[in-house]
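With TSV, C-alpha atoms inside, this is query_21.tsv:
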chain	number	residue	atom	x	y	z
Q	1	MET	CA	-28.93	8.19	2.04
Q	2	ALA	CA	-28.74	11.93	1.38
Q	3	SER	CA	-31.34	14.20	2.92
Q	4	THR	CA	-33.76	15.86	0.49
Q	5	SER	CA	-35.13	18.40	2.99
Q	6	TYR	CA	-33.62	21.71	3.96
Q	7	ALA	CA	-32.06	22.10	7.40
Q	8	PRO	CA	-34.69	22.97	10.04
Q	9	THR	CA	-34.09	26.36	11.61
Q	10	THR	CA	-33.91	24.79	15.08
Q	11	LEU	CA	-30.74	22.87	14.28
Q	12	PRO	CA	-27.33	24.13	15.50
Q	13	ARG	CA	-25.47	26.52	13.20
Q	14	LEU	CA	-22.17	24.90	12.19
Q	15	ALA	CA	-19.20	26.34	10.31
Q	16	LEU	CA	-17.55	23.66	8.18
Q	17	LEU	CA	-13.95	24.56	7.33
Q	18	LEU	CA	-11.91	23.13	4.47
Q	19	GLY	CA	-8.76	22.41	6.49
Q	20	ASP	CA	-5.34	22.74	4.91
Q	21	MET	CA	-5.92	23.03	1.16
Q	22	THR	CA	-2.74	21.05	0.45
Q	23	GLY	CA	-4.43	17.94	1.87
Q	24	ILE	CA	-7.68	16.01	1.36
Q	25	GLY	CA	-9.87	18.44	3.30
Q	26	PRO	CA	-11.40	20.27	0.32
Q	27	GLU	CA	-12.39	16.98	-1.30
Q	28	LEU	CA	-13.99	15.71	1.91
Q	29	VAL	CA	-16.03	18.87	2.41
Q	30	ALA	CA	-17.12	18.95	-1.23
Q	31	ARG	CA	-18.41	15.40	-0.98
Q	32	VAL	CA	-20.50	15.94	2.15
Q	33	VAL	CA	-22.08	19.20	0.97
Q	34	SER	CA	-22.69	18.10	-2.62
Q	35	ASP	CA	-25.66	15.93	-1.65
Q	36	ARG	CA	-26.54	17.74	1.61
Q	37	ARG	CA	-26.26	14.45	3.47
Q	38	LEU	CA	-25.82	16.15	6.85
Q	39	THR	CA	-28.69	18.64	6.75
Q	40	ASP	CA	-30.62	16.46	9.19
Q	41	VAL	CA	-28.20	17.29	12.03
Q	42	ALA	CA	-27.03	20.89	11.52
Q	43	ARG	CA	-27.39	24.10	9.57
Q	44	ILE	CA	-24.06	23.96	7.75
Q	45	ALA	CA	-22.18	26.80	6.13
Q	46	VAL	CA	-18.85	26.19	4.43
Q	47	PHE	CA	-16.34	28.74	5.71
Q	48	GLY	CA	-13.23	29.53	3.68
Q	49	ASP	CA	-12.43	30.19	0.04
Q	50	LEU	CA	-14.91	29.14	-2.63
Q	51	ARG	CA	-12.09	28.44	-5.09
Q	52	VAL	CA	-10.67	25.83	-2.71
Q	53	LEU	CA	-14.08	24.19	-2.30
Q	54	GLU	CA	-14.46	24.09	-6.10
Q	55	MET	CA	-11.05	22.44	-6.36
Q	56	GLY	CA	-12.24	19.83	-3.88
Q	57	ALA	CA	-15.37	19.24	-5.98
Q	58	ARG	CA	-13.20	18.57	-9.03
Q	59	ASP	CA	-11.13	16.09	-7.04
Q	60	ALA	CA	-14.26	14.34	-5.79
Q	61	GLY	CA	-16.05	14.45	-9.13
Q	62	VAL	CA	-19.17	16.00	-7.60
Q	63	HIS	CA	-21.44	18.92	-8.47
Q	64	LEU	CA	-21.97	21.76	-6.02
Q	65	SER	CA	-25.06	23.85	-5.45
Q	66	VAL	CA	-23.86	26.74	-3.31
Q	67	LYS	CA	-24.77	30.31	-2.44
Q	68	LYS	CA	-21.85	32.65	-1.91
Q	69	VAL	CA	-22.25	35.10	1.00
Q	70	ALA	CA	-19.92	37.55	2.68
Q	71	ASP	CA	-21.15	37.02	6.23
Q	72	ALA	CA	-23.25	34.59	8.26
Q	73	ALA	CA	-25.87	37.32	8.71
Q	74	GLU	CA	-26.69	37.03	4.99
Q	75	ILE	CA	-27.49	33.32	5.08
Q	76	ASP	CA	-30.98	32.11	4.22
Q	77	TRP	CA	-30.98	28.82	6.09
Q	78	THR	CA	-34.17	27.70	4.34
Q	79	ALA	CA	-32.64	27.89	0.84
Q	80	PRO	CA	-31.72	24.67	-0.99
Q	81	GLU	CA	-28.16	25.77	-1.72
Q	82	THR	CA	-25.28	25.29	0.72
Q	83	PRO	CA	-24.12	28.71	1.95
Q	84	VAL	CA	-20.43	29.47	1.52
Q	85	ILE	CA	-18.89	32.32	3.49
Q	86	ASP	CA	-16.20	33.14	0.96
Q	87	LEU	CA	-13.17	34.79	2.54
Q	88	GLY	CA	-11.40	34.95	-0.83
Q	89	ASN	CA	-8.09	34.52	0.98
Q	90	ILE	CA	-6.62	31.39	-0.64
Q	91	ASP	CA	-5.83	31.05	-4.32
Q	92	PRO	CA	-5.24	27.30	-4.81
Q	93	GLN	CA	-3.34	27.95	-8.03
Q	94	THR	CA	-0.52	29.58	-6.08
Q	95	LEU	CA	0.11	26.84	-3.51
Q	96	PRO	CA	1.54	23.31	-3.72
Q	97	ARG	CA	-0.53	20.22	-3.02
Q	98	GLY	CA	0.36	17.05	-1.19
Q	99	GLU	CA	3.11	18.63	0.90
Q	100	VAL	CA	3.68	20.87	3.90
Q	101	SER	CA	3.33	24.53	2.97
Q	102	PRO	CA	4.00	27.31	5.50
Q	103	GLU	CA	1.91	29.74	3.44
Q	104	SER	CA	-1.01	27.33	3.38
Q	105	GLY	CA	-0.53	26.80	7.13
Q	106	LYS	CA	-0.73	30.55	7.74
Q	107	LEU	CA	-3.90	30.86	5.68
Q	108	THR	CA	-5.45	27.84	7.38
Q	109	GLY	CA	-4.83	29.54	10.72
Q	110	ASP	CA	-6.24	32.81	9.44
Q	111	THR	CA	-9.42	31.02	8.36
Q	112	LEU	CA	-9.79	29.29	11.72
Q	113	ALA	CA	-9.32	32.61	13.50
Q	114	ALA	CA	-12.00	34.24	11.33
Q	115	ALA	CA	-14.44	31.43	12.09
Q	116	ILE	CA	-13.73	31.76	15.81
Q	117	ARG	CA	-14.47	35.48	15.66
Q	118	GLN	CA	-17.85	34.75	14.12
Q	119	SER	CA	-18.56	32.11	16.77
Q	120	LEU	CA	-17.79	34.70	19.45
Q	121	GLU	CA	-20.37	36.95	17.78
Q	122	GLY	CA	-22.94	34.17	18.15
Q	123	LYS	CA	-23.18	33.40	14.44
Q	124	PHE	CA	-22.06	29.77	14.83
Q	125	GLU	CA	-22.48	27.31	17.68
Q	126	ALA	CA	-19.91	24.81	16.48
Q	127	ILE	CA	-16.89	24.58	14.21
Q	128	THR	CA	-15.90	21.40	12.38
Q	129	PHE	CA	-12.70	21.59	10.38
Q	130	ALA	CA	-11.29	19.18	7.84
Q	131	PRO	CA	-7.74	17.94	8.54
Q	132	LEU	CA	-4.98	20.50	8.93
Q	133	ASN	CA	-1.23	20.12	9.29
Q	134	LYS	CA	0.28	21.16	12.62
Q	135	ALA	CA	3.77	21.63	11.16
Q	136	ALA	CA	2.43	23.91	8.42
Q	137	LEU	CA	0.33	25.87	10.92
Q	138	HIS	CA	3.39	26.43	13.11
Q	139	ALA	CA	5.70	27.23	10.20
Q	140	GLY	CA	3.11	29.70	8.93
Q	141	GLY	CA	3.40	31.81	12.07
Q	142	TRP	CA	0.78	30.29	14.36
Q	143	LYS	CA	3.29	29.46	17.07
Q	144	PHE	CA	1.29	26.97	19.11
Q	145	PRO	CA	2.05	23.28	19.73
Q	146	ASP	CA	-1.34	22.39	18.27
Q	147	GLU	CA	-4.58	23.94	17.08
Q	148	HIS	CA	-6.30	23.29	20.43
Q	149	LYS	CA	-3.97	25.69	22.26
Q	150	MET	CA	-4.48	28.14	19.42
Q	151	PHE	CA	-8.25	27.96	19.93
Q	152	ALA	CA	-7.90	28.50	23.68
Q	153	HIS	CA	-5.68	31.54	23.05
Q	154	LEU	CA	-8.10	33.11	20.56
Q	155	LEU	CA	-11.04	32.48	22.88
Q	156	GLU	CA	-9.05	33.88	25.83
Q	157	HIS	CA	-9.83	30.70	27.72
Q	158	LYS	CA	-8.27	30.49	31.18
Q	159	GLY	CA	-9.42	27.15	32.59
Q	160	TYR	CA	-8.61	23.52	31.90
Q	161	PHE	CA	-9.30	22.07	28.45
Q	162	SER	CA	-8.18	18.98	26.60
Q	163	GLU	CA	-8.15	17.15	23.29
Q	164	MET	CA	-10.25	13.97	23.26
Q	165	ASN	CA	-10.70	11.24	20.68
Q	166	VAL	CA	-14.00	9.49	20.09
Q	167	LEU	CA	-14.14	6.13	18.34
Q	168	ASP	CA	-16.80	3.41	18.39
Q	169	GLY	CA	-18.50	5.04	21.38
Q	170	GLN	CA	-15.23	5.22	23.34
Q	171	TRP	CA	-13.99	8.59	24.62
Q	172	MET	CA	-10.23	8.69	24.99
Q	173	SER	CA	-8.90	11.56	27.05
Q	174	ARG	CA	-5.56	12.37	28.64
Q	175	VAL	CA	-4.01	14.36	31.44
Q	176	THR	CA	-1.24	15.77	29.21
Q	177	SER	CA	-1.14	16.10	25.44
Q	178	HIS	CA	1.28	17.70	22.98
Q	179	VAL	CA	4.33	18.10	25.19
Q	180	SER	CA	7.54	16.11	25.54
Q	181	LEU	CA	7.32	13.02	27.70
Q	182	ARG	CA	9.79	14.55	30.16
Q	183	THR	CA	7.56	17.63	30.48
Q	184	ALA	CA	4.44	15.48	30.76
Q	185	LEU	CA	5.80	13.77	33.85
Q	186	ASP	CA	5.98	17.11	35.65
Q	187	MET	CA	2.47	18.05	34.51
Q	188	ILE	CA	0.84	14.91	35.96
Q	189	THR	CA	-0.37	16.12	39.36
Q	190	HIS	CA	-3.21	15.34	41.75
Q	191	ASP	CA	-5.19	18.32	40.49
Q	192	SER	CA	-4.53	17.74	36.77
Q	193	ILE	CA	-5.67	14.12	37.03
Q	194	ILE	CA	-8.90	15.17	38.71
Q	195	GLU	CA	-9.46	17.94	36.14
Q	196	ALA	CA	-9.04	15.43	33.31
Q	197	ILE	CA	-11.52	13.02	34.90
Q	198	GLU	CA	-14.04	15.78	35.55
Q	199	LEU	CA	-13.77	17.17	32.02
Q	200	VAL	CA	-14.32	13.88	30.22
Q	201	ASN	CA	-17.23	13.08	32.55
Q	202	ARG	CA	-18.83	16.47	31.88
Q	203	THR	CA	-18.24	16.31	28.12
Q	204	MET	CA	-19.66	12.80	27.80
Q	205	GLN	CA	-22.74	13.82	29.74
Q	206	LEU	CA	-23.15	16.71	27.30
Q	207	ALA	CA	-23.02	14.11	24.52
Q	208	GLY	CA	-25.90	12.22	26.12
Q	209	ILE	CA	-24.02	9.59	28.16
Q	210	GLU	CA	-25.70	10.08	31.53
Q	211	ASN	CA	-23.33	8.09	33.77
Q	212	PRO	CA	-20.01	7.54	31.98
Q	213	ARG	CA	-17.87	4.65	33.19
Q	214	ILE	CA	-14.32	5.99	33.28
Q	215	ALA	CA	-11.11	3.97	33.61
Q	216	VAL	CA	-7.90	5.75	34.53
Q	217	ALA	CA	-4.61	4.42	33.18
Q	218	ALA	CA	-1.51	3.95	35.29
Q	219	LEU	CA	1.74	5.71	34.47
Q	220	ASN	CA	4.28	2.97	35.13
Q	221	PRO	CA	4.56	-0.57	33.71
Q	222	HIS	CA	2.18	-3.02	35.43
Q	223	ALA	CA	0.69	-0.04	37.33
Q	224	GLY	CA	3.96	0.19	39.26
Q	225	GLU	CA	3.86	-3.43	40.48
Q	226	ASN	CA	3.04	-2.34	44.07
Q	227	GLY	CA	5.79	0.25	44.07
Q	228	LEU	CA	8.51	-1.89	42.47
Q	229	PHE	CA	8.49	0.20	39.26
Q	230	GLY	CA	7.52	3.53	40.81
Q	231	ARG	CA	5.13	4.92	43.40
Q	232	GLU	CA	3.06	7.32	41.26
Q	233	GLU	CA	0.11	4.93	41.26
Q	234	ILE	CA	0.19	4.63	45.06
Q	235	ASP	CA	0.99	8.21	46.03
Q	236	LEU	CA	-0.58	10.22	43.19
Q	237	ILE	CA	-2.94	8.58	40.72
Q	238	GLY	CA	-4.84	6.30	43.08
Q	239	PRO	CA	-5.67	9.09	45.57
Q	240	ALA	CA	-6.77	11.39	42.70
Q	241	VAL	CA	-9.09	8.73	41.28
Q	242	ARG	CA	-10.61	8.11	44.72
Q	243	ALA	CA	-11.10	11.83	45.25
Q	244	ALA	CA	-12.92	12.17	41.93
Q	245	ALA	CA	-15.05	9.11	42.70
Q	246	GLU	CA	-16.11	10.64	46.01
Q	247	THR	CA	-17.78	13.47	44.06
Q	248	GLY	CA	-20.07	10.96	42.34
Q	249	ILE	CA	-18.09	10.27	39.17
Q	250	ASP	CA	-17.99	6.60	38.16
Q	251	CYS	CA	-14.21	6.30	37.78
Q	252	LYS	CA	-11.82	3.51	38.69
Q	253	GLY	CA	-8.11	2.86	38.49
Q	254	PRO	CA	-5.26	3.15	37.97
Q	255	PHE	CA	-5.15	0.17	35.62
Q	256	PRO	CA	-2.06	-1.04	33.73
Q	257	SER	CA	-2.05	0.87	30.45
Q	258	ASP	CA	-1.21	-2.22	28.39
Q	259	THR	CA	-4.51	-3.89	29.31
Q	260	VAL	CA	-6.95	-1.09	30.19
Q	261	TYR	CA	-7.85	-0.45	26.55
Q	262	ILE	CA	-8.70	-4.12	26.07
Q	263	LYS	CA	-11.23	-3.73	28.88
Q	264	ALA	CA	-12.61	-0.51	27.39
Q	265	PHE	CA	-12.98	-1.86	23.86
Q	266	ALA	CA	-14.68	-4.95	25.33
Q	267	GLY	CA	-17.37	-2.65	26.72
Q	268	GLU	CA	-16.42	-2.51	30.40
Q	269	TYR	CA	-15.77	1.24	30.27
Q	270	ASP	CA	-16.93	4.20	28.19
Q	271	SER	CA	-13.70	6.16	28.50
Q	272	VAL	CA	-10.04	5.82	29.39
Q	273	VAL	CA	-8.08	8.74	30.81
Q	274	ALA	CA	-4.43	8.30	29.80
Q	275	MET	CA	-1.55	10.00	31.55
Q	276	TYR	CA	0.18	11.15	28.35
Q	277	HIS	CA	-0.50	11.45	24.63
Q	278	ASP	CA	0.88	8.29	23.04
Q	279	GLN	CA	-0.36	6.06	25.85
Q	280	GLY	CA	-3.87	6.54	24.54
Q	281	GLN	CA	-3.27	7.41	20.91
Q	282	ILE	CA	-1.48	4.20	20.02
Q	283	ALA	CA	-4.39	2.09	21.23
Q	284	THR	CA	-6.99	4.32	19.62
Q	285	LYS	CA	-5.30	4.56	16.23
Q	286	LEU	CA	-4.72	0.85	16.07
Q	287	ARG	CA	-8.43	0.43	16.70
Q	288	GLY	CA	-9.49	2.65	13.82
Q	289	PHE	CA	-7.18	5.43	12.66
Q	290	ASN	CA	-9.42	6.65	9.82
Q	291	ARG	CA	-12.74	6.59	11.68
Q	292	GLY	CA	-12.18	8.59	14.86
Q	293	VAL	CA	-13.15	12.14	15.77
Q	294	THR	CA	-11.10	14.64	17.75
Q	295	VAL	CA	-12.94	16.98	20.12
Q	296	THR	CA	-11.49	20.05	21.81
Q	297	ALA	CA	-13.29	19.79	25.14
Q	298	GLY	CA	-13.70	22.49	27.77
Q	299	LEU	CA	-13.90	25.56	25.49
Q	300	ASP	CA	-16.98	27.76	25.00
Q	301	THR	CA	-17.10	26.95	21.28
Q	302	VAL	CA	-17.54	23.33	20.18
Q	303	PHE	CA	-14.68	22.13	17.94
Q	304	THR	CA	-14.47	18.77	16.17
Q	305	THR	CA	-12.31	17.35	13.39
Q	306	PRO	CA	-11.47	13.95	11.89
Q	307	ALA	CA	-8.78	12.21	13.91
Q	308	HIS	CA	-6.82	11.40	10.74
Q	309	GLY	CA	-4.47	13.77	8.99
Q	310	THR	CA	-4.13	15.52	5.65
Q	311	ALA	CA	-3.25	12.28	3.78
Q	312	PHE	CA	-0.81	13.87	1.34
Q	313	ASP	CA	-0.31	10.53	-0.40
Q	314	ILE	CA	-3.86	10.46	-1.83
Q	315	VAL	CA	-4.44	14.16	-2.53
Q	316	GLY	CA	-6.22	14.74	-5.83
Q	317	LYS	CA	-7.03	11.07	-6.40
Q	318	GLY	CA	-10.70	11.32	-5.44
Q	319	VAL	CA	-10.55	8.32	-3.09
Q	320	ALA	CA	-10.64	9.94	0.37
Q	321	SER	CA	-13.32	8.60	2.73
Q	322	THR	CA	-15.70	11.07	4.38
Q	323	GLY	CA	-16.63	8.78	7.29
Q	324	ALA	CA	-14.65	10.56	10.00
Q	325	LEU	CA	-15.67	14.03	8.78
Q	326	GLU	CA	-19.34	13.03	8.84
Q	327	SER	CA	-18.93	11.68	12.36
Q	328	ALA	CA	-17.21	14.93	13.37
Q	329	VAL	CA	-20.11	17.03	12.07
Q	330	ARG	CA	-22.68	14.83	13.78
Q	331	LEU	CA	-20.86	14.94	17.11
Q	332	ALA	CA	-20.36	18.70	16.93
Q	333	ALA	CA	-24.05	19.20	16.23
Q	334	GLN	CA	-25.01	16.93	19.10
Q	335	LEU	CA	-22.73	18.72	21.57
Q	336	ALA	CA	-23.81	22.18	20.40
Q	337	GLY	CA	-27.50	21.31	20.50
Q	338	ARG	CA	-27.37	19.86	24.00
Q	339	LYS	CA	-25.22	22.77	25.17
Q	340	ARG	CA	-27.84	25.20	23.89
Q	341	ASN	CA	-30.62	23.28	25.61
Q	342	ALA	CA	-28.70	23.16	28.88
Q	343	ALA	CA	-28.17	26.93	28.78
Q	344	ALA	CA	-31.88	27.49	28.18
Q	345	ASN	CA	-32.93	25.40	31.19

Can the structure in the file be given as structure tokens, please?
Amino acid sequence: MASTSYAPTTLPRLALLLGDMTGIGPELVARVVSDRRLTDVARIAVFGDLRVLEMGARDAGVHLSVKKVADAAEIDWTAPETPVIDLGNIDPQTLPRGEVSPESGKLTGDTLAAAIRQSLEGKFEAITFAPLNKAALHAGGWKFPDEHKMFAHLLEHKGYFSEMNVLDGQWMSRVTSHVSLRTALDMITHDSIIEAIELVNRTMQLAGIENPRIAVAALNPHAGENGLFGREEIDLIGPAVRAAAETGIDCKGPFPSDTVYIKAFAGEYDSVVAMYHDQGQIATKLRGFNRGVTVTAGLDTVFTTPAHGTAFDIVGKGVASTGALESAVRLAAQLAGRKRNAAAN
């Protein structure tokens, strides 16, 4: 049921971005702000181009009550209208829909960069963005393998960070992400495994899971079959897991990757740390591709987004589900709120 109250001024300030305008993002954002259904978890400002949001409202068949502002400093968070920081940078009449567009990718990146600048100024505590297209982002001049590395670059982040997926209470992390499998093998080291375990433990605690139960996946088939199919589990992964456990983290493994997710989804573990991207993503997406949330963990600014993509095949049809976007907003607000409280104590 939609909230009828205005967002309390103690709630985290969240910038909600429209994603790539060629996809379903504008429709999703229009739906969730039209009835202010998320004002119980965050103070939400739409960040982007008002014309794109209005296009999304037409797709969704909803009415908007918004207040256009030029900067977050102008927002009256007690007002009944949804504030829109209108960058005026994307004319939807000039761009295609339902396909990859380098120009749209460039402008999507520009909008993300502008939101990050305002987060660095303390105007927002979290950023949730509707689905974007990595190929369009890259073709548009943002030469990063993914948006997460783009965020780290813009924030001048130097330490470890990682993409995680959250679905049905399960946190799926990984040691390596958007690199070739051949490159990933070289990046799986004693230290990187421990960093991945520590980061997911820390992030889950920030989300309110006091003692996360973490399973670590093996690299080789059957966890190496006692060295028959490789010694990485014996010489590398096992010692790293034991070293992390000695610091007080509840982690176990390595477990064969073809069965560890069965254990996790049965409730034995709260998280699985995969060795490489597809090892975890295949299991997670089979579980619920359209319901998951992606978190960029380890950065100063909280970032979340739906785990699904731009869904070019249903653009403009008014049938896109907002479930994952709502979950992304709620998780971002939870992380930002607890992060603020931790900093104050």

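By chain and then residue number, the residues within 10 Å of range 180-184 of chain Q are Val175, Thr176, Ser177, His178, Asp186, Met187, Ile188, Thr189, Met275, Tyr276, His277 and Asp278 of chain Q, counting only C-alpha atoms and disregarding those fewer than 2 positions away in sequence.
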
Excluding Lys158 in chain Q and any residue of its chain fewer than 2 positions from it, enumerate the residues within 12 Å of it, using only C-alpha atoms, and give them as a PDB file with C-alpha atoms, in the coordinates of the input.
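Writing done, so here's around-v2.pdb:
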ATOM      1  CA  LYS Q 149      -3.970  25.690  22.260  1.00  0.00           C
ATOM      2  CA  PHE Q 151      -8.250  27.960  19.930  1.00  0.00           C
ATOM      3  CA  ALA Q 152      -7.900  28.500  23.680  1.00  0.00           C
ATOM      4  CA  HIS Q 153      -5.680  31.540  23.050  1.00  0.00           C
ATOM      5  CA  LEU Q 154      -8.100  33.110  20.560  1.00  0.00           C
ATOM      6  CA  LEU Q 155     -11.040  32.480  22.880  1.00  0.00           C
ATOM      7  CA  GLU Q 156      -9.050  33.880  25.830  1.00  0.00           C
ATOM      8  CA  TYR Q 160      -8.610  23.520  31.900  1.00  0.00           C
ATOM      9  CA  PHE Q 161      -9.300  22.070  28.450  1.00  0.00           C
ATOM     10  CA  GLY Q 298     -13.700  22.490  27.770  1.00  0.00           C
ATOM     11  CA  LEU Q 299     -13.900  25.560  25.490  1.00  0.00           C
ATOM     12  CA  ASP Q 300     -16.980  27.760  25.000  1.00  0.00           C
TER      13      ASP Q 300
END

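Relative to CA of Val315 in chain Q, CA of Ser34 in chain Q is found at 18.7 Å.
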
message: Just checking: using all atoms listed in the file, which residue out of Q:Ile194, Q:Val273, Q:Arg291, Q:Thr22 ends up closest to Arg97 in chain Q?
response: Q:Thr22

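Minimum distance to Pro102 in chain Q across Q:Asp20, Q:Glu81, Q:Glu268, Q:Glu195 (counting all atoms listed in the file) occurs at Q:Asp20.
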
Could you add whatever atoms are missing so that range 330-344 of chain Q carries N, CA, C and O atoms, then write the result as an mmCIF file, keeping the file's coordinate frame?
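Final output, saved to selection.cif:
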data_model
loop_
_atom_site.group_PDB
_atom_site.id
_atom_site.type_symbol
_atom_site.label_atom_id
_atom_site.label_comp_id
_atom_site.auth_asym_id
_atom_site.auth_seq_id
_atom_site.Cartn_x
_atom_site.Cartn_y
_atom_site.Cartn_z
ATOM 1 N N ARG Q 330 -21.569 15.321 12.960
ATOM 2 C CA ARG Q 330 -22.680 14.830 13.780
ATOM 3 C C ARG Q 330 -22.418 15.023 15.267
ATOM 4 O O ARG Q 330 -23.310 15.426 16.028
ATOM 5 N N LEU Q 331 -21.184 14.763 15.693
ATOM 6 C CA LEU Q 331 -20.860 14.940 17.110
ATOM 7 C C LEU Q 331 -20.876 16.411 17.493
ATOM 8 O O LEU Q 331 -21.388 16.778 18.564
ATOM 9 N N ALA Q 332 -20.345 17.269 16.642
ATOM 10 C CA ALA Q 332 -20.360 18.700 16.930
ATOM 11 C C ALA Q 332 -21.792 19.219 17.063
ATOM 12 O O ALA Q 332 -22.110 19.998 17.965
ATOM 13 N N ALA Q 333 -22.652 18.770 16.171
ATOM 14 C CA ALA Q 333 -24.050 19.200 16.230
ATOM 15 C C ALA Q 333 -24.723 18.704 17.497
ATOM 16 O O ALA Q 333 -25.501 19.437 18.133
ATOM 17 N N GLN Q 334 -24.428 17.480 17.886
ATOM 18 C CA GLN Q 334 -25.010 16.930 19.100
ATOM 19 C C GLN Q 334 -24.559 17.708 20.331
ATOM 20 O O GLN Q 334 -25.371 18.073 21.186
ATOM 21 N N LEU Q 335 -23.261 17.974 20.429
ATOM 22 C CA LEU Q 335 -22.730 18.720 21.570
ATOM 23 C C LEU Q 335 -23.291 20.137 21.608
ATOM 24 O O LEU Q 335 -23.682 20.635 22.669
ATOM 25 N N ALA Q 336 -23.323 20.802 20.443
ATOM 26 C CA ALA Q 336 -23.810 22.180 20.400
ATOM 27 C C ALA Q 336 -25.289 22.248 20.738
ATOM 28 O O ALA Q 336 -25.736 23.159 21.453
ATOM 29 N N GLY Q 337 -26.076 21.305 20.223
ATOM 30 C CA GLY Q 337 -27.500 21.310 20.500
ATOM 31 C C GLY Q 337 -27.807 21.094 21.960
ATOM 32 O O GLY Q 337 -28.642 21.797 22.559
ATOM 33 N N ARG Q 338 -27.133 20.136 22.580
ATOM 34 C CA ARG Q 338 -27.370 19.860 24.000
ATOM 35 C C ARG Q 338 -26.830 20.995 24.866
ATOM 36 O O ARG Q 338 -27.400 21.299 25.927
ATOM 37 N N LYS Q 339 -25.748 21.629 24.424
ATOM 38 C CA LYS Q 339 -25.220 22.770 25.170
ATOM 39 C C LYS Q 339 -26.220 23.924 25.140
ATOM 40 O O LYS Q 339 -26.448 24.592 26.159
ATOM 41 N N ARG Q 340 -26.817 24.153 23.997
ATOM 42 C CA ARG Q 340 -27.840 25.200 23.890
ATOM 43 C C ARG Q 340 -29.033 24.906 24.786
ATOM 44 O O ARG Q 340 -29.537 25.783 25.501
ATOM 45 N N ASN Q 341 -29.483 23.656 24.770
ATOM 46 C CA ASN Q 341 -30.620 23.280 25.610
ATOM 47 C C ASN Q 341 -30.321 23.412 27.084
ATOM 48 O O ASN Q 341 -31.174 23.850 27.868
ATOM 49 N N ALA Q 342 -29.090 23.050 27.471
ATOM 50 C CA ALA Q 342 -28.700 23.160 28.880
ATOM 51 C C ALA Q 342 -28.682 24.613 29.323
ATOM 52 O O ALA Q 342 -29.079 24.952 30.454
ATOM 53 N N ALA Q 343 -28.212 25.509 28.436
ATOM 54 C CA ALA Q 343 -28.170 26.930 28.780
ATOM 55 C C ALA Q 343 -29.560 27.532 28.903
ATOM 56 O O ALA Q 343 -29.786 28.482 29.657
ATOM 57 N N ALA Q 344 -30.521 26.950 28.156
ATOM 58 C CA ALA Q 344 -31.880 27.490 28.180
ATOM 59 C C ALA Q 344 -32.665 27.030 29.400
ATOM 60 O O ALA Q 344 -33.697 27.634 29.738
#
